[in-house]
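Participant: Here you go, this is run.txt (compact mmCIF, C-alpha atoms).
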# COMPACT_ATOMS: atom_id res chain seq x y z
CA MET A 164 38.75 -53.36 0.83
CA ALA A 165 39.21 -56.73 2.56
CA SER A 166 42.07 -57.20 5.00
CA LEU A 167 45.40 -58.50 3.71
CA SER A 168 44.83 -61.86 5.43
CA LYS A 169 41.46 -62.31 3.70
CA ARG A 170 42.90 -61.28 0.36
CA CYS A 171 45.77 -63.74 0.75
CA MET A 172 43.31 -66.50 1.62
CA ALA A 173 41.37 -65.68 -1.55
CA GLU A 174 44.62 -65.92 -3.53
CA LEU A 175 45.44 -69.26 -1.91
CA ILE A 176 42.01 -70.65 -2.80
CA GLY A 177 42.13 -69.29 -6.33
CA THR A 178 45.60 -70.69 -7.02
CA PHE A 179 44.58 -74.02 -5.48
CA TRP A 180 41.68 -74.16 -7.95
CA LEU A 181 43.91 -73.23 -10.88
CA VAL A 182 46.49 -75.95 -10.18
CA LEU A 183 43.93 -78.60 -9.23
CA GLY A 184 41.79 -77.92 -12.27
CA GLY A 185 44.51 -77.26 -14.82
CA CYS A 186 47.14 -79.78 -13.76
CA GLY A 187 44.43 -82.20 -12.69
CA SER A 188 42.98 -82.23 -16.19
CA ALA A 189 46.45 -83.05 -17.55
CA VAL A 190 47.26 -85.76 -15.00
CA LEU A 191 43.85 -87.41 -14.62
CA ALA A 192 41.89 -86.77 -17.79
CA ALA A 193 44.18 -86.13 -20.75
CA GLY A 194 45.78 -89.51 -21.28
CA PHE A 195 42.91 -91.93 -21.88
CA PRO A 196 42.81 -93.20 -25.49
CA GLU A 197 39.01 -93.02 -25.80
CA LEU A 198 37.91 -90.60 -23.09
CA GLY A 199 40.95 -88.33 -22.82
CA ILE A 200 40.42 -84.61 -23.28
CA GLY A 201 43.76 -84.07 -25.01
CA PHE A 202 45.92 -80.97 -24.81
CA MET A 203 43.08 -78.80 -26.15
CA GLY A 204 40.98 -79.87 -23.19
CA VAL A 205 43.83 -79.10 -20.81
CA ALA A 206 44.19 -75.63 -22.32
CA LEU A 207 40.49 -75.00 -21.84
CA ALA A 208 40.64 -76.30 -18.27
CA PHE A 209 43.34 -73.79 -17.32
CA GLY A 210 41.35 -70.96 -18.86
CA LEU A 211 38.19 -72.01 -17.04
CA THR A 212 39.92 -72.14 -13.68
CA VAL A 213 41.03 -68.52 -13.98
CA LEU A 214 37.71 -67.36 -15.40
CA THR A 215 35.63 -69.00 -12.67
CA MET A 216 37.80 -67.99 -9.73
CA ALA A 217 38.27 -64.45 -11.03
CA PHE A 218 34.51 -64.08 -10.90
CA ALA A 219 34.37 -65.82 -7.50
CA VAL A 220 37.08 -63.96 -5.57
CA GLY A 221 38.42 -61.31 -7.93
CA HIS A 222 36.44 -58.68 -6.08
CA ILE A 223 38.23 -59.71 -2.87
CA SER A 224 41.88 -60.06 -3.86
CA GLY A 225 42.06 -58.90 -7.47
CA GLY A 226 42.26 -62.48 -8.73
CA HIS A 227 45.99 -62.77 -9.42
CA PHE A 228 46.59 -66.50 -8.65
CA ASN A 229 50.07 -66.08 -10.06
CA PRO A 230 53.24 -64.42 -8.67
CA ALA A 231 54.11 -63.07 -12.13
CA VAL A 232 50.73 -61.34 -12.32
CA THR A 233 51.28 -59.84 -8.87
CA VAL A 234 54.72 -58.53 -9.85
CA GLY A 235 53.44 -57.27 -13.19
CA LEU A 236 50.55 -55.39 -11.61
CA ALA A 237 52.94 -53.85 -9.10
CA ALA A 238 55.27 -52.79 -11.92
CA GLY A 239 52.26 -51.31 -13.68
CA GLY A 240 51.31 -49.23 -10.66
CA ARG A 241 48.19 -51.27 -9.94
CA PHE A 242 49.32 -53.10 -6.79
CA PRO A 243 51.35 -52.12 -3.71
CA VAL A 244 54.91 -53.44 -3.80
CA ARG A 245 54.85 -54.18 -0.05
CA GLU A 246 52.17 -56.85 -0.62
CA ILE A 247 54.03 -58.83 -3.30
CA VAL A 248 55.61 -61.24 -0.80
CA PRO A 249 52.45 -62.17 1.15
CA TYR A 250 50.49 -62.64 -2.07
CA THR A 251 53.27 -64.79 -3.55
CA VAL A 252 53.51 -66.95 -0.43
CA ALA A 253 49.74 -67.50 -0.46
CA GLN A 254 49.79 -68.43 -4.15
CA VAL A 255 52.64 -70.93 -3.75
CA VAL A 256 51.00 -72.51 -0.70
CA GLY A 257 47.76 -72.89 -2.64
CA ALA A 258 49.62 -74.51 -5.53
CA VAL A 259 51.45 -76.96 -3.26
CA ILE A 260 48.24 -77.97 -1.47
CA ALA A 261 46.56 -78.54 -4.84
CA ALA A 262 49.48 -80.67 -6.02
CA ALA A 263 49.26 -82.72 -2.81
CA VAL A 264 45.53 -83.32 -3.32
CA LEU A 265 46.12 -84.22 -6.96
CA ALA A 266 48.91 -86.63 -6.00
CA TRP A 267 46.60 -88.33 -3.49
CA ILE A 268 43.87 -88.76 -6.11
CA ALA A 269 46.25 -89.92 -8.86
CA ASN A 270 47.87 -92.51 -6.60
CA GLY A 271 44.46 -94.11 -6.21
CA LYS A 272 44.95 -95.64 -9.65
CA PRO A 273 46.86 -98.97 -9.52
CA GLY A 274 50.28 -98.70 -11.09
CA PHE A 275 50.37 -94.91 -11.23
CA ASP A 276 53.95 -93.60 -11.07
CA LEU A 277 53.96 -89.93 -10.15
CA VAL A 278 57.57 -89.27 -11.19
CA ALA A 279 57.39 -91.25 -14.42
CA SER A 280 54.14 -89.52 -15.39
CA GLY A 281 55.79 -86.10 -15.16
CA PHE A 282 52.85 -84.93 -13.03
CA ALA A 283 52.20 -81.97 -15.37
CA ALA A 284 55.54 -80.41 -14.37
CA ASN A 285 57.10 -77.81 -16.65
CA GLY A 286 60.36 -78.51 -18.41
CA TYR A 287 62.67 -77.85 -21.33
CA GLY A 288 65.11 -79.94 -23.38
CA GLU A 289 64.58 -83.61 -22.65
CA HIS A 290 61.65 -82.74 -20.39
CA SER A 291 59.82 -80.53 -22.86
CA PRO A 292 56.81 -82.36 -24.38
CA GLY A 293 58.13 -81.46 -27.83
CA LYS A 294 61.82 -81.57 -26.81
CA TYR A 295 62.26 -77.80 -27.24
CA ALA A 296 65.60 -76.37 -26.14
CA LEU A 297 66.22 -73.99 -23.26
CA GLY A 298 66.38 -70.91 -25.48
CA ALA A 299 63.05 -71.66 -27.11
CA ALA A 300 61.43 -72.34 -23.75
CA LEU A 301 62.80 -69.11 -22.31
CA VAL A 302 61.51 -66.94 -25.16
CA CYS A 303 58.17 -68.73 -25.16
CA GLU A 304 57.58 -68.16 -21.44
CA VAL A 305 58.72 -64.53 -21.50
CA VAL A 306 56.64 -63.56 -24.54
CA LEU A 307 53.48 -65.42 -23.55
CA THR A 308 53.56 -64.15 -19.98
CA ALA A 309 54.00 -60.63 -21.35
CA GLY A 310 50.98 -61.17 -23.58
CA PHE A 311 48.96 -62.51 -20.65
CA LEU A 312 49.82 -59.51 -18.48
CA PHE A 313 49.08 -57.11 -21.30
CA VAL A 314 45.58 -58.59 -21.60
CA ILE A 315 45.09 -58.40 -17.82
CA LEU A 316 46.19 -54.78 -17.66
CA GLY A 317 43.94 -53.84 -20.55
CA ALA A 318 40.91 -55.81 -19.37
CA THR A 319 41.13 -54.33 -15.88
CA ASP A 320 41.83 -50.77 -17.01
CA LYS A 321 39.33 -48.29 -15.58
CA ARG A 322 38.44 -47.35 -19.18
CA ALA A 323 37.55 -50.96 -20.12
CA PRO A 324 33.96 -52.26 -19.81
CA ALA A 325 33.36 -53.05 -16.16
CA GLY A 326 32.65 -56.57 -14.96
CA PHE A 327 33.87 -58.52 -17.98
CA ALA A 328 37.60 -58.82 -17.25
CA PRO A 329 37.60 -62.53 -16.25
CA ILE A 330 36.36 -63.52 -19.71
CA PRO A 331 39.23 -62.19 -21.86
CA ILE A 332 41.72 -63.18 -19.15
CA GLY A 333 40.46 -66.77 -19.11
CA LEU A 334 40.40 -66.93 -22.90
CA ALA A 335 43.94 -65.51 -23.06
CA LEU A 336 45.21 -68.25 -20.75
CA THR A 337 43.48 -70.87 -22.90
CA LEU A 338 45.16 -69.47 -26.01
CA ILE A 339 48.53 -69.42 -24.27
CA HIS A 340 48.21 -73.10 -23.41
CA LEU A 341 47.20 -73.99 -26.96
CA ILE A 342 50.45 -72.39 -28.12
CA SER A 343 52.92 -73.54 -25.52
CA ILE A 344 51.92 -76.91 -24.06
CA PRO A 345 54.22 -78.62 -26.59
CA VAL A 346 57.09 -76.29 -25.66
CA THR A 347 57.18 -76.24 -21.86
CA ASN A 348 53.87 -77.79 -20.74
CA THR A 349 53.00 -74.09 -20.20
CA SER A 350 53.87 -72.27 -17.03
CA VAL A 351 53.47 -68.46 -17.28
CA ASN A 352 52.92 -68.91 -13.53
CA PRO A 353 55.71 -69.67 -11.04
CA ALA A 354 53.29 -70.99 -8.41
CA ARG A 355 51.71 -73.43 -10.88
CA SER A 356 55.20 -74.70 -11.74
CA THR A 357 56.34 -75.02 -8.13
CA GLY A 358 53.51 -77.24 -6.89
CA PRO A 359 54.05 -80.19 -9.26
CA ALA A 360 57.86 -79.74 -9.26
CA LEU A 361 58.06 -80.32 -5.51
CA PHE A 362 56.43 -83.73 -5.95
CA VAL A 363 58.37 -84.79 -9.05
CA GLY A 364 61.72 -83.61 -7.62
CA GLY A 365 64.95 -84.19 -9.54
CA TRP A 366 64.88 -82.61 -12.99
CA ALA A 367 61.69 -80.65 -12.27
CA LEU A 368 63.32 -78.80 -9.37
CA GLU A 369 66.54 -78.29 -11.32
CA GLN A 370 64.62 -76.61 -14.16
CA LEU A 371 62.20 -74.70 -11.94
CA TRP A 372 64.35 -71.54 -12.02
CA LEU A 373 63.29 -70.88 -15.62
CA PHE A 374 59.63 -70.90 -14.68
CA TRP A 375 60.20 -68.23 -12.06
CA VAL A 376 62.59 -66.01 -13.99
CA ALA A 377 60.92 -66.00 -17.42
CA PRO A 378 57.33 -65.25 -16.31
CA ILE A 379 58.43 -62.46 -13.98
CA VAL A 380 60.60 -60.87 -16.68
CA GLY A 381 57.72 -61.12 -19.15
CA ALA A 382 55.30 -59.58 -16.65
CA ILE A 383 57.56 -56.60 -16.01
CA LEU A 384 58.08 -56.05 -19.75
CA ALA A 385 54.30 -56.08 -20.27
CA ALA A 386 53.79 -53.55 -17.47
CA VAL A 387 56.31 -51.16 -19.01
CA LEU A 388 54.83 -51.57 -22.48
CA TYR A 389 51.26 -51.11 -21.32
CA ARG A 390 52.10 -47.97 -19.40
CA CYS A 391 53.65 -46.52 -22.57
CA VAL A 392 50.73 -47.50 -24.80
CA ALA A 393 47.89 -46.69 -22.42
CA ARG A 394 49.16 -43.35 -21.13
CA GLU A 395 46.64 -40.71 -22.09
CA ASP A 396 47.90 -37.83 -24.21
CA ARG A 397 47.75 -34.47 -22.52
Do you think you could lay out the structure here as structure tokens?

Facilitator:
Amino acid sequence: MASLSKRCMAELIGTFWLVLGGCGSAVLAAGFPELGIGFMGVALAFGLTVLTMAFAVGHISGGHFNPAVTVGLAAGGRFPVREIVPYTVAQVVGAVIAAAVLAWIANGKPGFDLVASGFAANGYGEHSPGKYALGAALVCEVVLTAGFLFVILGATDKRAPAGFAPIPIGLALTLIHLISIPVTNTSVNPARSTGPALFVGGWALEQLWLFWVAPIVGAILAAVLYRCVAREDR
């Protein structure tokens, strides 16, 4: 097994790629009338970032790229609790660096207003793409994160086919975005939410709490449920 420092660096790089690719597709490529990829393209971009980096560094760090995944795997007995904090710090740092790079690129376009654009930040109420209320956003993030963690736990189970886990995990994240982009702009990942929020400030920081609490709650629920379902009968 790689050292903790190397595993944290892999998590930083993987989360950087997730935020740059996923949020970058939303900020840079989704809004053009003729060439824009639309929200379906953004959903696919997020799925591809996880799939590609899980294959690239999953064998080093486990390929979490998400504090909720780290907490969920710990709750499921798959990850040491003592390493949650260093993994989470690495993931958030990677997300913030990616948001900084994305901001630099986006500001190269004349007239670009980072705050007015929303910068792919997550939100509810007035700041939800579809104007969904807090309660709807909360349930959406809890349930979809739980579903994401359930897929991760199943795909990485020792009884599952070896070597294929990144594929269902990436496809699950794509599906999640297809469902929830209109509701919250899709978080299911506190680090992904934190990076853009730090640059938007204001409302994005005020609403950031939801995108830490809901994914972590959902991840823990998934871990408990999976342990009940997957426990082998004696």

Participant: List as a list in words the protein and nucleic acid residues near A:Gly333, meaning an atom at most 6 Å away when all atoms listed in the file are counted, but skip any in the same chain fewer than 6 places from it.

Facilitator: Gly210, Val213 and Leu214 of chain A

Participant: Counting all atoms listed in the file, what is within 12 Å of A:Gln370, bar same-chain residues fewer than 4 positions away, as number ranges by chain?

Facilitator: A: 284-291, 297, 300-301, 347, 350, 353, 356-357, 360-361, 363-366, 374-377

Participant: Just give me the residues with any atom within 12 Å of (48.9, -48.9, -19.6), file coordinates, counting all atoms listed in the file, written as a ChimeraX atom specification.

Facilitator: /A:235-236,238-241,312-323,384-395

Participant: How many Å separate atom CA of A:Ala354 from atom CA of A:Pro273?

Facilitator: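 Interatomic distance, atom CA of A:Ala354 to atom CA of A:Pro273: 28.7 Å.
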
Participant: What separation in Å, quoted to one decimal, exists between atom CA of A:Pro324 and atom CA of A:Phe218?

Facilitator: 14.8 Å

Participant: So how many Å separate atom CA of A:Ala367 and atom CA of A:Arg355, to one decimal?

Facilitator: 12.4 Å

Participant: Please provide the set of residues having any atom within 7 Å of A:Phe209, restricted to only C-alpha atoms, with same-chain residues fewer than 5 positions apart removed, written as a ChimeraX atom specification.

Facilitator: /A:181,184-185,336-337

Participant: I'd like the contact shell of A:Gly293 - 10 Å cut-off, only C-alpha atoms, skipping same-chain residues fewer than 6 positions apart - returned as a PyMOL selection string.

Facilitator: chain A and resi 287+343-348

Participant: Just want the 9 Å neighbourhood of A:Phe282, counted on all atoms listed in the file, with same-chain residues fewer than 5 positions away dropped. Output as a list in words.

Facilitator: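 The neighbour list is Cys186, Gly187, Ala189, Val190, Ala262, Ala266, Asp276, Leu277, Pro359, Ala360, Phe362 and Val363 of chain A.
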
Participant: Would you be able to write out as a list of chain:residue names which residues have an atom within 6 Å of (46.3, -65.9, -0.1) in the file's coordinates, counting all atoms listed in the file?

Facilitator: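 Residues with an atom at most 6 Å from (46.3, -65.9, -0.1): A:Arg170, A:Cys171, A:Met172, A:Ala173, A:Glu174, A:Leu175, A:Tyr250, A:Ala253, A:Gln254.
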
Participant: Between A:Leu211, A:Ile379, A:Ile332, A:Ala261, which residue has the minimum interatomic distance to A:Pro230, considering only C-alpha atoms?

Facilitator: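 Looking at the shortest contact to A:Pro230, the residue is A:Ile379.
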
Participant: So which one's closest to A:Gly358, A:Ser166, A:Val255, A:His340, A:Ala279? Using all atoms listed in the file, please.

Facilitator: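 The answer is A:Val255, which sits nearest to A:Gly358.
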
Participant: Quick one: of A:Val305, A:Ala325, A:Leu265, A:Val182, who's nearest to A:Met216, counting all atoms listed in the file?

Facilitator: A:Val182

Participant: Tell me which of A:Val252, A:Leu183, A:Ala335, A:Ala208 sits closest to A:Ile268, counting only C-alpha atoms.

Facilitator: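 The closest residue to A:Ile268 is A:Leu183.
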
Participant: With distances taken over all atoms listed in the file, which of A:Ala165, A:Ile342, A:Thr178, A:Ala382 is nearest to A:Ala258?

Facilitator: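 Between A:Ala165, A:Ile342, A:Thr178, A:Ala382, the residue approaching A:Ala258 most closely is A:Thr178.
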
Participant: With all heavy atoms as the target, complete stretch 335-346 of chain A and hand it back as a PDB file, in the coordinates of the input.

Facilitator:
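So the final result, stored in out_11.pdb, reads:
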ATOM      1  N   ALA A 335      42.518 -65.716 -22.769  1.00  0.00           N
ATOM      2  CA  ALA A 335      43.940 -65.510 -23.060  1.00  0.00           C
ATOM      3  C   ALA A 335      44.771 -66.669 -22.530  1.00  0.00           C
ATOM      4  O   ALA A 335      45.695 -67.150 -23.197  1.00  0.00           O
ATOM      5  CB  ALA A 335      44.417 -64.193 -22.464  1.00  0.00           C
ATOM      6  N   LEU A 336      44.443 -67.137 -21.315  1.00  0.00           N
ATOM      7  CA  LEU A 336      45.210 -68.250 -20.750  1.00  0.00           C
ATOM      8  C   LEU A 336      44.967 -69.535 -21.542  1.00  0.00           C
ATOM      9  O   LEU A 336      45.882 -70.340 -21.721  1.00  0.00           O
ATOM     10  CB  LEU A 336      44.844 -68.451 -19.279  1.00  0.00           C
ATOM     11  CG  LEU A 336      45.745 -69.410 -18.515  1.00  0.00           C
ATOM     12  CD1 LEU A 336      47.197 -68.928 -18.516  1.00  0.00           C
ATOM     13  CD2 LEU A 336      45.267 -69.595 -17.074  1.00  0.00           C
ATOM     14  N   THR A 337      43.756 -69.724 -22.033  1.00  0.00           N
ATOM     15  CA  THR A 337      43.480 -70.870 -22.900  1.00  0.00           C
ATOM     16  C   THR A 337      44.332 -70.811 -24.164  1.00  0.00           C
ATOM     17  O   THR A 337      44.965 -71.802 -24.559  1.00  0.00           O
ATOM     18  CB  THR A 337      41.991 -70.911 -23.280  1.00  0.00           C
ATOM     19  OG1 THR A 337      41.200 -71.041 -22.092  1.00  0.00           O
ATOM     20  CG2 THR A 337      41.697 -72.082 -24.208  1.00  0.00           C
ATOM     21  N   LEU A 338      44.365 -69.654 -24.800  1.00  0.00           N
ATOM     22  CA  LEU A 338      45.160 -69.470 -26.010  1.00  0.00           C
ATOM     23  C   LEU A 338      46.635 -69.739 -25.744  1.00  0.00           C
ATOM     24  O   LEU A 338      47.317 -70.414 -26.534  1.00  0.00           O
ATOM     25  CB  LEU A 338      44.970 -68.049 -26.545  1.00  0.00           C
ATOM     26  CG  LEU A 338      45.863 -67.629 -27.717  1.00  0.00           C
ATOM     27  CD1 LEU A 338      45.619 -68.517 -28.922  1.00  0.00           C
ATOM     28  CD2 LEU A 338      45.633 -66.162 -28.060  1.00  0.00           C
ATOM     29  N   ILE A 339      47.130 -69.225 -24.635  1.00  0.00           N
ATOM     30  CA  ILE A 339      48.530 -69.420 -24.270  1.00  0.00           C
ATOM     31  C   ILE A 339      48.866 -70.900 -24.162  1.00  0.00           C
ATOM     32  O   ILE A 339      49.910 -71.361 -24.641  1.00  0.00           O
ATOM     33  CB  ILE A 339      48.844 -68.668 -22.967  1.00  0.00           C
ATOM     34  CG1 ILE A 339      48.926 -67.163 -23.232  1.00  0.00           C
ATOM     35  CG2 ILE A 339      50.135 -69.169 -22.320  1.00  0.00           C
ATOM     36  CD1 ILE A 339      48.897 -66.322 -21.983  1.00  0.00           C
ATOM     37  N   HIS A 340      47.971 -71.664 -23.544  1.00  0.00           N
ATOM     38  CA  HIS A 340      48.210 -73.100 -23.410  1.00  0.00           C
ATOM     39  C   HIS A 340      48.153 -73.816 -24.762  1.00  0.00           C
ATOM     40  O   HIS A 340      48.911 -74.759 -25.011  1.00  0.00           O
ATOM     41  CB  HIS A 340      47.214 -73.723 -22.431  1.00  0.00           C
ATOM     42  CG  HIS A 340      47.600 -73.534 -20.999  1.00  0.00           C
ATOM     43  ND1 HIS A 340      47.427 -72.335 -20.337  1.00  0.00           N
ATOM     44  CD2 HIS A 340      48.178 -74.380 -20.109  1.00  0.00           C
ATOM     45  CE1 HIS A 340      47.866 -72.462 -19.097  1.00  0.00           C
ATOM     46  NE2 HIS A 340      48.332 -73.682 -18.936  1.00  0.00           N
ATOM     47  N   LEU A 341      47.263 -73.388 -25.634  1.00  0.00           N
ATOM     48  CA  LEU A 341      47.200 -73.990 -26.960  1.00  0.00           C
ATOM     49  C   LEU A 341      48.513 -73.796 -27.717  1.00  0.00           C
ATOM     50  O   LEU A 341      48.931 -74.638 -28.508  1.00  0.00           O
ATOM     51  CB  LEU A 341      46.046 -73.387 -27.763  1.00  0.00           C
ATOM     52  CG  LEU A 341      44.638 -73.781 -27.317  1.00  0.00           C
ATOM     53  CD1 LEU A 341      43.592 -72.996 -28.086  1.00  0.00           C
ATOM     54  CD2 LEU A 341      44.406 -75.287 -27.501  1.00  0.00           C
ATOM     55  N   ILE A 342      49.174 -72.666 -27.466  1.00  0.00           N
ATOM     56  CA  ILE A 342      50.450 -72.390 -28.120  1.00  0.00           C
ATOM     57  C   ILE A 342      51.593 -73.164 -27.497  1.00  0.00           C
ATOM     58  O   ILE A 342      52.424 -73.764 -28.198  1.00  0.00           O
ATOM     59  CB  ILE A 342      50.766 -70.879 -28.058  1.00  0.00           C
ATOM     60  CG1 ILE A 342      49.729 -70.067 -28.835  1.00  0.00           C
ATOM     61  CG2 ILE A 342      52.180 -70.587 -28.587  1.00  0.00           C
ATOM     62  CD1 ILE A 342      49.810 -68.574 -28.571  1.00  0.00           C
ATOM     63  N   SER A 343      51.663 -73.178 -26.177  1.00  0.00           N
ATOM     64  CA  SER A 343      52.920 -73.540 -25.520  1.00  0.00           C
ATOM     65  C   SER A 343      52.939 -74.859 -24.749  1.00  0.00           C
ATOM     66  O   SER A 343      53.983 -75.219 -24.219  1.00  0.00           O
ATOM     67  CB  SER A 343      53.341 -72.414 -24.560  1.00  0.00           C
ATOM     68  OG  SER A 343      52.353 -72.204 -23.571  1.00  0.00           O
ATOM     69  N   ILE A 344      51.844 -75.592 -24.706  1.00  0.00           N
ATOM     70  CA  ILE A 344      51.920 -76.910 -24.060  1.00  0.00           C
ATOM     71  C   ILE A 344      53.013 -77.774 -24.692  1.00  0.00           C
ATOM     72  O   ILE A 344      53.785 -78.416 -23.980  1.00  0.00           O
ATOM     73  CB  ILE A 344      50.549 -77.621 -24.077  1.00  0.00           C
ATOM     74  CG1 ILE A 344      49.612 -76.998 -23.037  1.00  0.00           C
ATOM     75  CG2 ILE A 344      50.712 -79.117 -23.799  1.00  0.00           C
ATOM     76  CD1 ILE A 344      48.208 -77.576 -23.040  1.00  0.00           C
ATOM     77  N   PRO A 345      53.148 -77.801 -26.025  1.00  0.00           N
ATOM     78  CA  PRO A 345      54.220 -78.620 -26.590  1.00  0.00           C
ATOM     79  C   PRO A 345      55.633 -78.140 -26.250  1.00  0.00           C
ATOM     80  O   PRO A 345      56.584 -78.917 -26.318  1.00  0.00           O
ATOM     81  CB  PRO A 345      53.977 -78.518 -28.105  1.00  0.00           C
ATOM     82  CG  PRO A 345      52.545 -78.123 -28.241  1.00  0.00           C
ATOM     83  CD  PRO A 345      52.289 -77.235 -27.074  1.00  0.00           C
ATOM     84  N   VAL A 346      55.757 -76.865 -25.899  1.00  0.00           N
ATOM     85  CA  VAL A 346      57.090 -76.290 -25.660  1.00  0.00           C
ATOM     86  C   VAL A 346      57.558 -76.534 -24.225  1.00  0.00           C
ATOM     87  O   VAL A 346      58.651 -77.060 -23.999  1.00  0.00           O
ATOM     88  CB  VAL A 346      57.099 -74.786 -25.987  1.00  0.00           C
ATOM     89  CG1 VAL A 346      58.512 -74.213 -25.802  1.00  0.00           C
ATOM     90  CG2 VAL A 346      56.615 -74.537 -27.402  1.00  0.00           C
TER      91      VAL A 346
END
